[in-house]
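S.K.: Just so it is clear, I am handing over query.csv, which has CSV, C-alpha atoms.
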chain,number,residue,atom,x,y,z
A,215,PRO,CA,0.0,0.0,0.0
A,216,THR,CA,1.0,3.6,-0.6
A,217,THR,CA,1.4,5.8,2.5
A,218,PRO,CA,2.0,9.5,3.1
A,219,ASN,CA,5.5,10.7,3.8
A,220,SER,CA,4.8,11.0,7.4
A,221,PRO,CA,5.5,8.9,10.5
A,222,GLN,CA,2.0,9.5,11.8
A,223,ALA,CA,-0.6,8.9,9.1
A,224,THR,CA,-3.4,10.3,11.2
A,225,SER,CA,-1.9,13.6,12.2
A,226,ALA,CA,-2.9,16.7,10.3
A,227,PRO,CA,-1.7,18.6,8.3
A,228,HIS,CA,0.5,15.8,7.0
A,229,ASP,CA,-1.5,15.5,3.9
A,230,THR,CA,-1.2,19.2,3.0
A,231,PRO,CA,1.7,18.6,0.5
A,232,TRP,CA,-0.5,16.1,-1.3
A,233,VAL,CA,-3.3,18.7,-1.6
A,234,ALA,CA,-0.9,21.4,-2.8
A,235,GLY,CA,-0.8,20.1,-6.3
A,236,PHE,CA,-4.5,20.4,-6.9
A,237,GLU,CA,-6.3,23.2,-8.7
A,238,PRO,CA,-7.0,26.0,-6.1
A,239,ARG,CA,-10.7,25.4,-6.0
A,240,ILE,CA,-10.3,21.7,-5.3
A,241,ARG,CA,-7.4,22.3,-2.9
A,242,ASP,CA,-9.6,24.7,-0.9
A,243,ALA,CA,-12.5,22.3,-0.8
A,244,LEU,CA,-10.2,19.4,0.3
A,245,MET,CA,-8.7,21.6,3.1
A,246,GLN,CA,-12.3,22.2,4.4
A,247,LEU,CA,-12.7,18.5,5.0
A,248,PRO,CA,-12.0,17.0,8.5
A,249,ALA,CA,-8.5,15.6,8.4
A,250,PRO,CA,-9.6,11.9,8.8
A,251,GLN,CA,-12.0,12.2,5.8
A,252,ARG,CA,-9.4,14.0,3.7
A,253,THR,CA,-6.7,11.5,4.5
A,254,CYS,CA,-8.9,8.5,3.7
A,255,LEU,CA,-10.0,10.1,0.5
A,256,LEU,CA,-6.4,10.9,-0.6
A,257,LEU,CA,-5.3,7.4,0.2
A,258,ARG,CA,-8.1,6.0,-1.9
A,259,ALA,CA,-8.3,8.4,-4.8
A,260,VAL,CA,-4.7,9.6,-5.1
A,261,CYS,CA,-2.7,6.6,-3.9
A,262,GLY,CA,-5.1,3.9,-5.1
A,263,ASN,CA,-5.3,2.0,-1.8
A,264,ASN,CA,-8.2,-0.2,-1.1
A,265,TYR,CA,-10.3,0.1,2.1
A,266,GLN,CA,-8.5,-2.7,3.9
A,267,GLN,CA,-5.2,-1.0,3.2
A,268,ILE,CA,-6.4,2.4,4.3
A,269,ALA,CA,-7.7,0.8,7.6
A,270,ALA,CA,-4.3,-0.8,8.2
A,271,ILE,CA,-2.3,2.3,7.4
A,272,LEU,CA,-4.4,4.5,9.7
A,273,ASP,CA,-5.1,1.9,12.3
A,274,ILE,CA,-8.9,2.2,12.0
A,275,ARG,CA,-11.6,-0.3,11.1
A,276,GLU,CA,-12.4,-0.9,7.4
A,277,PRO,CA,-16.0,0.4,7.8
A,278,THR,CA,-14.6,3.6,9.2
A,279,ALA,CA,-12.3,4.0,6.2
A,280,ARG,CA,-15.3,3.5,3.9
A,281,ALA,CA,-17.5,5.9,5.8
A,282,ASN,CA,-14.7,8.6,5.8
A,283,VAL,CA,-14.3,8.3,2.0
A,284,HIS,CA,-18.0,8.4,1.4
A,285,ARG,CA,-18.5,11.4,3.7
A,286,ALA,CA,-15.5,13.2,2.0
A,287,ARG,CA,-17.0,12.6,-1.5
A,288,ALA,CA,-20.4,13.8,-0.4
A,289,ALA,CA,-18.9,16.9,1.2
A,290,LEU,CA,-16.8,17.7,-1.9
A,291,ALA,CA,-19.9,17.2,-4.1
A,292,LEU,CA,-21.7,19.9,-2.1
A,293,LEU,CA,-18.6,22.2,-2.0
A,294,LEU,CA,-17.7,21.8,-5.7
A,295,GLY,CA,-21.1,21.3,-7.3
A,296,PRO,CA,-22.6,18.4,-9.2
A,297,HIS,CA,-20.4,18.8,-12.3
A,298,LEU,CA,-17.2,17.4,-10.7
A,299,PRO,CA,-16.9,13.6,-11.2
A,300,LEU,CA,-15.7,12.1,-7.9
A,301,GLY,CA,-16.1,8.4,-8.7
A,302,GLN,CA,-18.6,6.2,-7.1
A,303,GLU,CA,-18.2,2.7,-5.6
Take the structure in the file and write it out as structure tokens.

M.R.:
Amino acid sequence: PTTPNSPQATSAPHDTPWVAGFEPRIRDALMQLPAPQRTCLLLRAVCGNNYQQIAAILDIREPTARANVHRARAALALLLGPHLPLGQE
């Protein structure tokens, strides 16, 4: 699995460098997410980790990883509007 370049995968703002490369509107929306949701979403969407891997990396339960990704996607849809494809699973 791919992990962030940080010894503590759950401490914010460790994922800020990942977010820096995004278009400003997307970056701003990502930074509005709670850190656990943003981290799970980045591990899923950017790094391509599956939910089991995300759970292991962050030392959380798999249903929590799924819920965080789902909530992050829902929040981004509200923040960015319905025209941004966020991928559905």

S.K.: Find, counting only C-alpha atoms, the residue in A:Asn264, A:Ala234, A:Arg280, A:Ala286 that gets nearest to Ala249 in chain A.

M.R.: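 Ranked by minimum distance to Ala249 in chain A, first place goes to A:Ala286.
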
S.K.: May I ask for the distance between CA of Gln267 in chain A and CA of Met245 in chain A, given in Å to one decimal place?

M.R.: 22.9 Å

S.K.: Can you pull out every residue within 12 Å of range 274-279 of chain A, counting all atoms listed in the file, but drop anything in the same chain fewer than 3 positions away, and send it as an MDAnalysis selection string?

M.R.: chainID A and resid 223:224 250:258 263:271 282:286

S.K.: Check the smallest atom-to-atom distance from each of A:Leu293, A:Leu272, A:Ala288, A:Cys261 to Asp242 in chain A using only C-alpha atoms, then report the winner.

M.R.: A:Leu293

S.K.: Just checking: using all atoms listed in the file, which residue out of A:Ala281, A:Val233, A:Ala259, A:Ile240 ends up closest to Gly295 in chain A?

M.R.: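 Ranking A:Ala281, A:Val233, A:Ala259, A:Ile240 by distance to Gly295 in chain A, first place goes to A:Ile240.
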
S.K.: So how far away is CA of Ala289 in chain A from CA of Leu247 in chain A, in Å?

M.R.: 7.4 Å

S.K.: Can you work out which one of A:Leu292, A:Ala243, A:Asp273, A:Phe236 has the shortest atom-to-atom distance to Val260 in chain A, counting only C-alpha atoms?

M.R.: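 Ranking A:Leu292, A:Ala243, A:Asp273, A:Phe236 by distance to Val260 in chain A, first place goes to A:Phe236.
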